[in-house]
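Data from structure.cif: mmCIF, C-alpha atoms
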```
data_query
loop_
_atom_site.label_atom_id
_atom_site.label_comp_id
_atom_site.auth_asym_id
_atom_site.auth_seq_id
_atom_site.Cartn_x
_atom_site.Cartn_y
_atom_site.Cartn_z
CA MET I 1 58.00 16.52 -28.62
CA ALA I 2 57.38 12.82 -29.30
CA LEU I 3 61.01 12.42 -30.32
CA LEU I 4 62.17 13.90 -27.02
CA VAL I 5 59.97 11.51 -25.02
CA ALA I 6 61.16 8.50 -27.03
CA THR I 7 64.81 9.50 -26.59
CA ALA I 8 64.37 9.93 -22.83
CA ALA I 9 62.78 6.48 -22.58
CA CYS I 10 65.76 4.90 -24.36
CA ASN I 11 68.17 6.29 -21.78
CA ARG I 12 66.45 4.67 -18.80
CA PRO I 13 68.18 1.66 -17.25
CA ALA I 14 66.59 -1.66 -18.02
CA PRO I 15 64.24 -2.87 -15.27
CA PRO I 16 65.44 -5.78 -13.15
CA VAL I 17 64.56 -9.22 -14.39
CA PRO I 18 61.90 -10.74 -12.11
CA VAL I 19 62.86 -13.93 -10.32
CA PRO I 20 60.22 -16.67 -10.19
CA ASN I 21 59.15 -17.68 -6.68
CA GLY I 22 60.77 -20.90 -5.53
CA ALA I 23 63.71 -20.53 -7.89
CA ALA I 24 67.26 -21.11 -6.68
CA LEU I 25 69.77 -18.37 -5.96
CA SER I 26 71.95 -17.70 -9.01
CA GLN I 27 75.08 -19.83 -9.39
CA LYS I 28 76.88 -16.61 -10.39
CA ILE I 29 76.55 -15.61 -6.73
CA VAL I 30 76.66 -19.06 -5.15
CA ALA I 31 79.86 -20.39 -6.77
CA PRO I 32 82.17 -17.53 -5.71
CA TYR I 33 80.38 -17.30 -2.36
CA LEU I 34 81.12 -20.97 -1.64
CA ASN I 35 84.77 -20.41 -2.59
CA ALA I 36 84.99 -17.60 -0.03
CA ASP I 37 83.14 -19.68 2.57
CA GLU I 38 85.54 -22.60 2.16
CA ALA I 39 88.61 -20.35 2.35
CA LEU I 40 87.43 -18.70 5.58
CA ALA I 41 86.51 -22.05 7.14
CA ALA I 42 90.11 -23.12 6.39
CA ASP I 43 91.50 -19.90 7.98
CA ARG I 44 92.59 -18.52 4.59
CA THR I 45 91.86 -15.31 2.71
CA ASP I 46 93.28 -16.31 -0.68
CA GLY I 47 90.78 -15.61 -3.43
CA ILE I 48 88.47 -13.57 -1.20
CA LYS I 49 88.88 -10.32 -3.16
CA ALA I 50 88.34 -11.98 -6.56
CA ASN I 51 85.33 -13.96 -5.33
CA ALA I 52 83.82 -10.85 -3.74
CA ALA I 53 84.29 -8.96 -7.02
CA ASP I 54 82.48 -11.78 -8.87
CA ILE I 55 79.61 -11.67 -6.38
CA SER I 56 79.36 -7.89 -6.72
CA ALA I 57 79.25 -8.13 -10.53
CA ALA I 58 76.54 -10.80 -10.38
CA ALA I 59 74.49 -8.76 -7.92
CA ARG I 60 74.70 -5.68 -10.16
CA THR I 61 73.22 -7.66 -13.06
CA ILE I 62 70.24 -8.54 -10.87
CA GLY I 63 69.56 -4.88 -10.16
CA PRO I 64 68.13 -2.98 -7.18
CA PRO I 65 66.76 -6.02 -5.29
CA ALA I 66 70.36 -7.26 -4.89
CA ALA I 67 71.92 -3.87 -4.05
CA GLY I 68 72.64 -4.98 -0.47
CA ILE I 69 74.61 -7.96 -1.75
CA ASP I 70 76.58 -5.71 -4.09
CA ARG I 71 77.47 -3.24 -1.30
CA ALA I 72 78.49 -6.03 1.08
CA ALA I 73 80.58 -7.78 -1.58
CA VAL I 74 82.43 -4.53 -2.35
CA GLN I 75 83.20 -4.23 1.37
CA LEU I 76 84.39 -7.84 1.52
CA ALA I 77 86.75 -7.16 -1.40
CA SER I 78 88.45 -4.50 0.76
CA ALA I 79 89.05 -6.82 3.75
CA ALA I 80 92.49 -6.26 5.25
CA SER I 81 92.78 -9.32 7.50
CA LEU I 82 91.21 -12.70 8.20
CA GLU I 83 89.12 -11.23 11.02
CA ASP I 84 88.01 -8.32 8.82
CA ALA I 85 87.13 -10.73 6.00
CA ARG I 86 85.06 -12.84 8.37
CA ALA I 87 83.13 -9.81 9.63
CA LYS I 88 82.48 -8.54 6.10
CA PHE I 89 81.58 -12.05 4.93
CA GLY I 90 78.98 -12.06 7.72
CA ALA I 91 77.46 -8.82 6.47
CA MET I 92 77.35 -10.23 2.95
CA SER I 93 75.76 -13.46 4.20
CA VAL I 94 73.05 -11.46 5.97
CA ALA I 95 72.41 -9.52 2.73
CA ILE I 96 72.18 -12.75 0.73
CA ASP I 97 69.85 -14.32 3.30
CA ALA I 98 67.60 -11.23 3.19
CA TYR I 99 67.60 -11.20 -0.62
CA MET I 100 66.73 -14.90 -0.75
CA SER I 101 63.89 -14.38 1.72
CA ASP I 102 62.54 -11.28 -0.08
CA GLN I 103 62.65 -13.02 -3.47
CA HIS I 104 61.41 -16.39 -2.13
CA LEU I 105 64.57 -18.13 -3.35
CA ALA I 106 65.99 -21.43 -2.18
CA PRO I 107 69.64 -22.43 -2.06
CA PRO I 108 70.61 -24.46 -5.13
CA ALA I 109 70.76 -28.25 -4.90
CA GLY I 110 73.56 -29.44 -2.64
CA VAL I 111 73.77 -26.13 -0.74
CA ARG I 112 72.17 -25.33 2.61
CA MET I 113 71.78 -22.30 4.86
CA ALA I 114 73.58 -22.66 8.19
CA PHE I 115 73.59 -20.42 11.26
CA CYS I 116 76.33 -19.54 13.75
CA PRO I 117 74.94 -18.87 17.25
CA MET I 118 78.16 -17.16 18.32
CA VAL I 119 78.05 -14.33 15.75
CA MET I 120 74.29 -14.69 15.15
CA LYS I 121 74.77 -14.80 11.38
CA PRO I 122 73.84 -17.21 8.61
CA TRP I 123 75.98 -18.62 5.83
CA LEU I 124 75.54 -20.86 2.83
CA GLN I 125 77.64 -23.99 2.52
CA LYS I 126 77.72 -27.24 0.63
CA ASP I 127 75.91 -30.21 2.17
CA GLY I 128 77.98 -32.17 4.65
CA ALA I 129 79.44 -31.45 8.05
CA ILE I 130 79.22 -27.90 9.37
CA ARG I 131 82.36 -25.88 8.53
CA ASN I 132 82.01 -22.51 10.26
CA PRO I 133 83.59 -19.68 8.22
CA TYR I 134 83.33 -17.22 11.12
CA TYR I 135 85.66 -19.14 13.42
CA GLY I 136 87.46 -21.62 11.17
CA SER I 137 89.71 -24.04 13.04
CA GLN I 138 88.86 -22.43 16.41
CA MET I 139 85.26 -23.70 16.27
CA LEU I 140 84.88 -25.38 12.89
CA THR I 141 81.78 -27.40 13.79
CA CYS I 142 79.93 -24.61 15.64
CA GLY I 143 76.55 -23.97 14.10
CA SER I 144 73.63 -25.82 12.60
CA PHE I 145 71.66 -25.99 9.40
CA LYS I 146 68.50 -23.91 9.30
CA HIS I 147 66.40 -26.35 7.28
#
```

Show me this structure written as structure tokens.
Amino acid sequence: MALLVATAACNRPAPPVPVPNGAALSQKIVAPYLNADEALAADRTDGIKANAADISAAARTIGPPAAGIDRAAVQLASAASLEDARAKFGAMSVAIDAYMSDQHLAPPAGVRMAFCPMVMKPWLQKDGAIRNPYYGSQMLTCGSFKH
């Protein structure tokens, strides 16, 4: 009987690695996210699918707390147009914002959380002038930094 219990325990998935409070969001999520953000702000979709796949893979390594990011990244990878990519990027940004809040994470150095009042969604971007990924050249400077 003890052998059966030990074998069953070995087949369980590893528990998620706890994230220390105040830590920064993983660069494995941030780097491809920023690539997607910059493409959308420039009215492009090149690289969106690959970056979304990288975000999904990184979220899966985190485990259940990042499941919303994984689901949203998978959806973003299936975007069929610029408008579709922007909408799915928004859903992913909301998932990332919620994950960061739940885990008490900060953006990494040089990255800030911004907010678009037109779509009522956040996004992460590098420090500097606002570059709205939801509207691109139509309203590139629409939005503000949260902090």

Next on the checklist: If we count only C-alpha atoms and set the cut-off at 12 Å, which residues sit around Ala42 of chain I, ignoring sequence neighbours fewer than 6 positions away in its own chain? Please answer as a list of chain:residue names.
Outcome noted: I:Asn35, I:Ala36, I:Leu82, I:Arg86, I:Arg131, I:Asn132, I:Pro133, I:Tyr134, I:Tyr135, I:Gly136, I:Ser137, I:Gln138, I:Met139, I:Leu140, I:Thr141

Next on the checklist: For a quick check of understanding, using all atoms listed in the file, which of I:Ala72, I:Cys142, I:Ala79, I:Ala24 has the smallest distance to Lys49 of chain I?
Outcome noted: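 Of all the options, I:Ala79 lies closest to Lys49 of chain I.
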
Checklist entry - For the atom pair atom CA of Ala57 of chain I and atom CA of Trp123 of chain I, what is the interatomic distance in Å to one decimal place? => result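 Going from atom CA of Ala57 of chain I over to atom CA of Trp123 of chain I covers 19.7 Å.
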
Next on the checklist: Suppose a student applies the PyMOL selection byres ((chain I and resi 76) around 8) to this structure; what residues should they get, written as a list in words?
Outcome noted: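 With the shown file as input, the PyMOL selection byres ((chain I and resi 76) around 8) matches Ile48, Lys49, Ala52, Ala72, Ala73, Val74, Gln75, Ala77, Ser78, Ala79, Ala85, Lys88, Phe89 and Met92 of chain I.
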
Checklist entry - Quick one, how far is atom CA of Gly63 of chain I from atom CA of Ser26 of chain I? => result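 A separation of 13.1 Å between them.
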
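Each of I:Ala80, I:Leu40, I:Met113, I:Ala106 was compared to Ser93 of chain I using all atoms listed in the file, and I:Met113 turns out to be the nearest.
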
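Here atom CA of Ala59 of chain I stands at a distance of 12.2 Å from atom CA of Met100 of chain I.
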
Next on the checklist: Using all atoms listed in the file for the distances, tell me which of I:Asp70, I:Asp97, I:Asp43, I:Glu38 is nearest to Ser56 of chain I.
Outcome noted: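 The closest residue to Ser56 of chain I is I:Asp70.
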
Item to check | Residue nearest Asp54 of chain I among I:Ala23, I:Ala31, I:Ala66, I:Ala109 (counting only C-alpha atoms) | outcome: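 Closest residue, counting only C-alpha atoms: I:Ala31.
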
Next on the checklist: I need the residue nearest Ile55 of chain I from this list: I:Leu34, I:Ala41, I:Ile29, I:Ala67. Use all atoms listed in the file for the distance.
Outcome noted: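 Closest to Ile55 of chain I of all the choices is I:Ile29.
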
Next on the checklist: Calculated over all atoms listed in the file, which of the candidates I:Leu124, I:Ala95, I:Ala87, I:Val119 has the smallest distance to Pro107 of chain I?
Outcome noted: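 With all atoms listed in the file as the atom set, the closest residue is I:Leu124.
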
Checklist entry - If you count all atoms listed in the file, which residues fall within 9 Å of Ile130 of chain I, apart from same-chain ones fewer than 3 positions away, as a ChimeraX atom specification? => result /I:114,125-127,140-145
